[in-house]
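Engineer: Below is one structure. I have some questions about it.
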Amino acid sequence: MSADSAPINLTNHFLIAMPGLSDELFGRSVVFMCEHSDRGALGLVINKPGDIRLAQLFDKVELSLGRQELAEQPVFLGGPVQTERGFVLHEAVEGAEGESVYASTLSIPGGLEMTTSKDVLEAMSSGGGPRKVFVSLGYASWGQGQLESEITENSWLTVEADHGLIFDAPVDERYDRAMALLGLKSWMLSPDAGHA
């Protein structure tokens, strides 16, 4: 990328770890990018389930889960930052003013929102809330220019996000399906790509 080209914006894209990325959390990971600007980037790893289920998370925050279809859904390891804090990625839910109905919400182009306030969990506890949800503890972040540098170093592939992958695809297929969005299979890429 030349110095005078426009900055890239990977909001509503997937970062797909290159096979050579051996980091414990980020190896074979797919990260949904919630925000990307010249100040940095924030995303959620969508294919690394933790060891607790939504029903257990609701018990921990002293709420009942009024949506039994979600009880066994895993709570994911969204990234290494603020791992004690919950992040709920969901379809946009707009109130009367066209704004999110939840207190602390980041609107993501493409029809998704990421909510960090407890009110989304309270809505789910009473049987309501967004229809499709992805819940993680923690998030991934990159400082100014850091993500661009990692992409240049062949750590990540990027592709526009397919929301069906986040909410509907089996967890163990998400990496391969994300690769398939680029017409690739992971075995096609050498772990040593980019190194002479």
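Following the order of the structure tokens, chains are lettered A, B, ..., residues in each are numbered from 1, and ligands are numbered from 1.
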Would you list, as a VMD selection string, the residues of segment 3-190 of chain A that end up in alpha helix (DSSP H) under DSSP run on this structure's backbone?
Structural biologist: chain A and resid 54 to 60 119 to 125 146 to 152 163 to 167 174 to 180
Engineer: What lies within 12 Å of segment 149-159 of chain A using only C-alpha atoms, ignoring chain neighbours under 2 positions off, as an NGL selection string?
Structural biologist: :A and (1-2 or 8-23 or 26-33 or 40 or 142-147 or 161-163 or 175 or 177-184 or 186 or 189-195)
Engineer: Please save C-alpha atoms of the selected residues as an mmCIF file, in the first residue's frame.
Structural biologist:
```
data_model
loop_
_atom_site.group_PDB
_atom_site.id
_atom_site.type_symbol
_atom_site.label_atom_id
_atom_site.label_comp_id
_atom_site.auth_asym_id
_atom_site.auth_seq_id
_atom_site.Cartn_x
_atom_site.Cartn_y
_atom_site.Cartn_z
ATOM 1 C CA MET A 1 0.000 0.000 0.000
ATOM 2 C CA SER A 2 1.530 3.332 -0.955
ATOM 3 C CA ILE A 8 -8.422 0.962 4.850
ATOM 4 C CA ASN A 9 -11.539 0.544 6.951
ATOM 5 C CA LEU A 10 -12.161 -3.032 8.025
ATOM 6 C CA THR A 11 -15.322 -2.374 10.060
ATOM 7 C CA ASN A 12 -17.833 -5.197 9.367
ATOM 8 C CA HIS A 13 -15.048 -7.421 7.971
ATOM 9 C CA PHE A 14 -13.467 -10.637 9.176
ATOM 10 C CA LEU A 15 -9.797 -10.909 10.002
ATOM 11 C CA ILE A 16 -8.728 -14.480 9.304
ATOM 12 C CA ALA A 17 -5.503 -15.631 10.941
ATOM 13 C CA MET A 18 -2.888 -16.861 8.495
ATOM 14 C CA PRO A 19 -1.837 -20.478 9.165
ATOM 15 C CA GLY A 20 1.580 -19.308 10.402
ATOM 16 C CA LEU A 21 0.051 -17.258 13.255
ATOM 17 C CA SER A 22 0.715 -19.513 16.249
ATOM 18 C CA ASP A 23 -0.561 -17.309 19.073
ATOM 19 C CA PHE A 26 -5.326 -15.785 17.642
ATOM 20 C CA GLY A 27 -4.065 -18.964 15.921
ATOM 21 C CA ARG A 28 -6.770 -20.182 13.462
ATOM 22 C CA SER A 29 -9.009 -17.364 14.659
ATOM 23 C CA VAL A 30 -11.688 -15.394 12.874
ATOM 24 C CA VAL A 31 -12.184 -11.883 14.258
ATOM 25 C CA PHE A 32 -15.290 -9.833 13.482
ATOM 26 C CA MET A 33 -14.230 -6.187 13.250
ATOM 27 C CA GLY A 40 -7.147 1.835 16.025
ATOM 28 C CA TRP A 142 -5.125 -2.772 18.022
ATOM 29 C CA GLY A 143 -3.551 0.654 18.470
ATOM 30 C CA GLN A 144 -3.123 3.237 15.753
ATOM 31 C CA GLY A 145 -1.508 1.595 12.688
ATOM 32 C CA GLN A 146 -0.928 -1.723 14.508
ATOM 33 C CA LEU A 147 -3.489 -3.765 12.582
ATOM 34 C CA ALA A 161 -18.140 -10.302 6.999
ATOM 35 C CA ASP A 162 -20.910 -12.825 6.459
ATOM 36 C CA HIS A 163 -23.169 -12.452 9.505
ATOM 37 C CA TYR A 175 -12.403 -20.737 10.230
ATOM 38 C CA ARG A 177 -15.933 -21.123 6.037
ATOM 39 C CA ALA A 178 -14.297 -17.711 6.476
ATOM 40 C CA MET A 179 -11.394 -18.899 4.289
ATOM 41 C CA ALA A 180 -13.929 -20.126 1.727
ATOM 42 C CA LEU A 181 -15.306 -16.573 1.451
ATOM 43 C CA LEU A 182 -11.952 -15.804 -0.205
ATOM 44 C CA GLY A 183 -12.062 -18.971 -2.315
ATOM 45 C CA LEU A 184 -9.297 -20.487 -0.177
ATOM 46 C CA SER A 186 -6.180 -23.269 4.802
ATOM 47 C CA LEU A 189 -1.453 -21.271 2.394
ATOM 48 C CA SER A 190 2.008 -22.067 3.646
ATOM 49 C CA PRO A 191 2.600 -21.257 7.313
ATOM 50 C CA ASP A 192 5.776 -19.582 6.043
ATOM 51 C CA ALA A 193 4.004 -17.274 3.574
ATOM 52 C CA GLY A 194 5.858 -14.040 3.061
ATOM 53 C CA HIS A 195 9.205 -15.308 4.343
#
```
Engineer: Residues at most 7 Å from Ser64 of chain A, counting only C-alpha atoms, excluding those fewer than 4 positions away in the same chain, as a list in words?
Structural biologist: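 The contact residues come out as Phe58, Asp59 and Ser125 of chain A.
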Engineer: Could the residues in this selection be written to a file with C-alpha atoms, as a short mmCIF file (atom, residue, chain, number, x, y, z; two decimals), in the first residue's frame?
Structural biologist:
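File result_37.cif, as written:
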```cif
data_model
loop_
_atom_site.label_atom_id
_atom_site.label_comp_id
_atom_site.auth_asym_id
_atom_site.auth_seq_id
_atom_site.Cartn_x
_atom_site.Cartn_y
_atom_site.Cartn_z
CA PHE A 58 -26.75 -15.44 33.43
CA ASP A 59 -26.46 -17.23 36.80
CA SER A 125 -33.81 -12.68 30.83
#
```
Engineer: With segment 126-140 of chain A as the partner and 10 Å as the cut-off, tabulate the residues of segment 52-102 of chain A that qualify, each row holding the nearest pair of atoms and their distance in Å to one decimal, using only C-alpha atoms, sorted by chain and rising number, as JSON lines.
Structural biologist:
```
{"residue": "A:Arg53", "atom": "CA", "partner": "A:Val135", "partner_atom": "CA", "distance": 9.6}
{"residue": "A:Leu54", "atom": "CA", "partner": "A:Val135", "partner_atom": "CA", "distance": 7.9}
{"residue": "A:Leu57", "atom": "CA", "partner": "A:Val135", "partner_atom": "CA", "distance": 9.7}
{"residue": "A:Leu63", "atom": "CA", "partner": "A:Ser126", "partner_atom": "CA", "distance": 9.1}
{"residue": "A:Ser64", "atom": "CA", "partner": "A:Ser126", "partner_atom": "CA", "distance": 7.8}
{"residue": "A:Leu65", "atom": "CA", "partner": "A:Ser126", "partner_atom": "CA", "distance": 7.2}
{"residue": "A:Gly66", "atom": "CA", "partner": "A:Gly127", "partner_atom": "CA", "distance": 4.2}
{"residue": "A:Arg67", "atom": "CA", "partner": "A:Gly127", "partner_atom": "CA", "distance": 5.2}
{"residue": "A:Gln68", "atom": "CA", "partner": "A:Gly127", "partner_atom": "CA", "distance": 8.7}
{"residue": "A:Leu70", "atom": "CA", "partner": "A:Val133", "partner_atom": "CA", "distance": 8.7}
{"residue": "A:Gln73", "atom": "CA", "partner": "A:Phe134", "partner_atom": "CA", "distance": 8.6}
{"residue": "A:Pro74", "atom": "CA", "partner": "A:Val135", "partner_atom": "CA", "distance": 7.8}
{"residue": "A:Val75", "atom": "CA", "partner": "A:Ser136", "partner_atom": "CA", "distance": 5.2}
{"residue": "A:Phe76", "atom": "CA", "partner": "A:Ser136", "partner_atom": "CA", "distance": 4.3}
{"residue": "A:Leu77", "atom": "CA", "partner": "A:Leu137", "partner_atom": "CA", "distance": 5.5}
{"residue": "A:Gly78", "atom": "CA", "partner": "A:Tyr139", "partner_atom": "CA", "distance": 4.5}
{"residue": "A:Gly79", "atom": "CA", "partner": "A:Tyr139", "partner_atom": "CA", "distance": 3.9}
{"residue": "A:Pro80", "atom": "CA", "partner": "A:Gly138", "partner_atom": "CA", "distance": 5.9}
{"residue": "A:Val81", "atom": "CA", "partner": "A:Gly138", "partner_atom": "CA", "distance": 5.2}
{"residue": "A:Gln82", "atom": "CA", "partner": "A:Gly138", "partner_atom": "CA", "distance": 4.8}
{"residue": "A:Thr83", "atom": "CA", "partner": "A:Gly138", "partner_atom": "CA", "distance": 3.8}
{"residue": "A:Glu84", "atom": "CA", "partner": "A:Leu137", "partner_atom": "CA", "distance": 6.0}
{"residue": "A:Arg85", "atom": "CA", "partner": "A:Leu137", "partner_atom": "CA", "distance": 5.4}
{"residue": "A:Gly86", "atom": "CA", "partner": "A:Leu137", "partner_atom": "CA", "distance": 4.6}
{"residue": "A:Phe87", "atom": "CA", "partner": "A:Ser136", "partner_atom": "CA", "distance": 5.2}
{"residue": "A:Val88", "atom": "CA", "partner": "A:Val135", "partner_atom": "CA", "distance": 4.6}
{"residue": "A:Leu89", "atom": "CA", "partner": "A:Phe134", "partner_atom": "CA", "distance": 5.0}
{"residue": "A:His90", "atom": "CA", "partner": "A:Val133", "partner_atom": "CA", "distance": 4.6}
{"residue": "A:Glu91", "atom": "CA", "partner": "A:Pro130", "partner_atom": "CA", "distance": 6.3}
{"residue": "A:Ala92", "atom": "CA", "partner": "A:Pro130", "partner_atom": "CA", "distance": 7.7}
{"residue": "A:Val93", "atom": "CA", "partner": "A:Pro130", "partner_atom": "CA", "distance": 6.7}
{"residue": "A:Val101", "atom": "CA", "partner": "A:Gly129", "partner_atom": "CA", "distance": 9.7}
{"residue": "A:Tyr102", "atom": "CA", "partner": "A:Gly129", "partner_atom": "CA", "distance": 9.7}
```
Engineer: Report the distance between atom CA of Leu165 of chain A and atom CA of Ile46 of chain A in Å, rounded to one decimal place.
Structural biologist: 8.7 Å
Engineer: Could you check which of A:Leu25, A:Glu148, A:Leu106, A:Gln56 is closest to Ala41 of chain A, using only C-alpha atoms?
Structural biologist: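 Nearest candidate to Ala41 of chain A out of A:Leu25, A:Glu148, A:Leu106, A:Gln56: A:Glu148.
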Engineer: As a PyMOL selection string, please: every residue in chain A that DSSP puts in strand (DSSP E).
Structural biologist: chain A and resi 13-17+30-37+40-45+49-53+74-77+81-91+105-108+112-115+133-142+156-160
Engineer: Between A:Trp187, A:Ala71, A:Gly111, A:Pro7, single out the one closest to Ser37 of chain A, counting only C-alpha atoms.
Structural biologist: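 Among the listed residues, the smallest separation from Ser37 of chain A belongs to A:Pro7.
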Engineer: Rounded to one decimal, what separation in Å do you get between atom CA of Ile108 of chain A and atom CA of Arg39 of chain A?
Structural biologist: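 Taking atom CA of Ile108 of chain A and atom CA of Arg39 of chain A, their separation equals 16.4 Å.
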Engineer: To one decimal place in Å, what is the distance between atom CA of Ile166 of chain A and atom CA of Ser100 of chain A?
Structural biologist: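 One can read the atom CA of Ile166 of chain A to atom CA of Ser100 of chain A distance as 20.4 Å.
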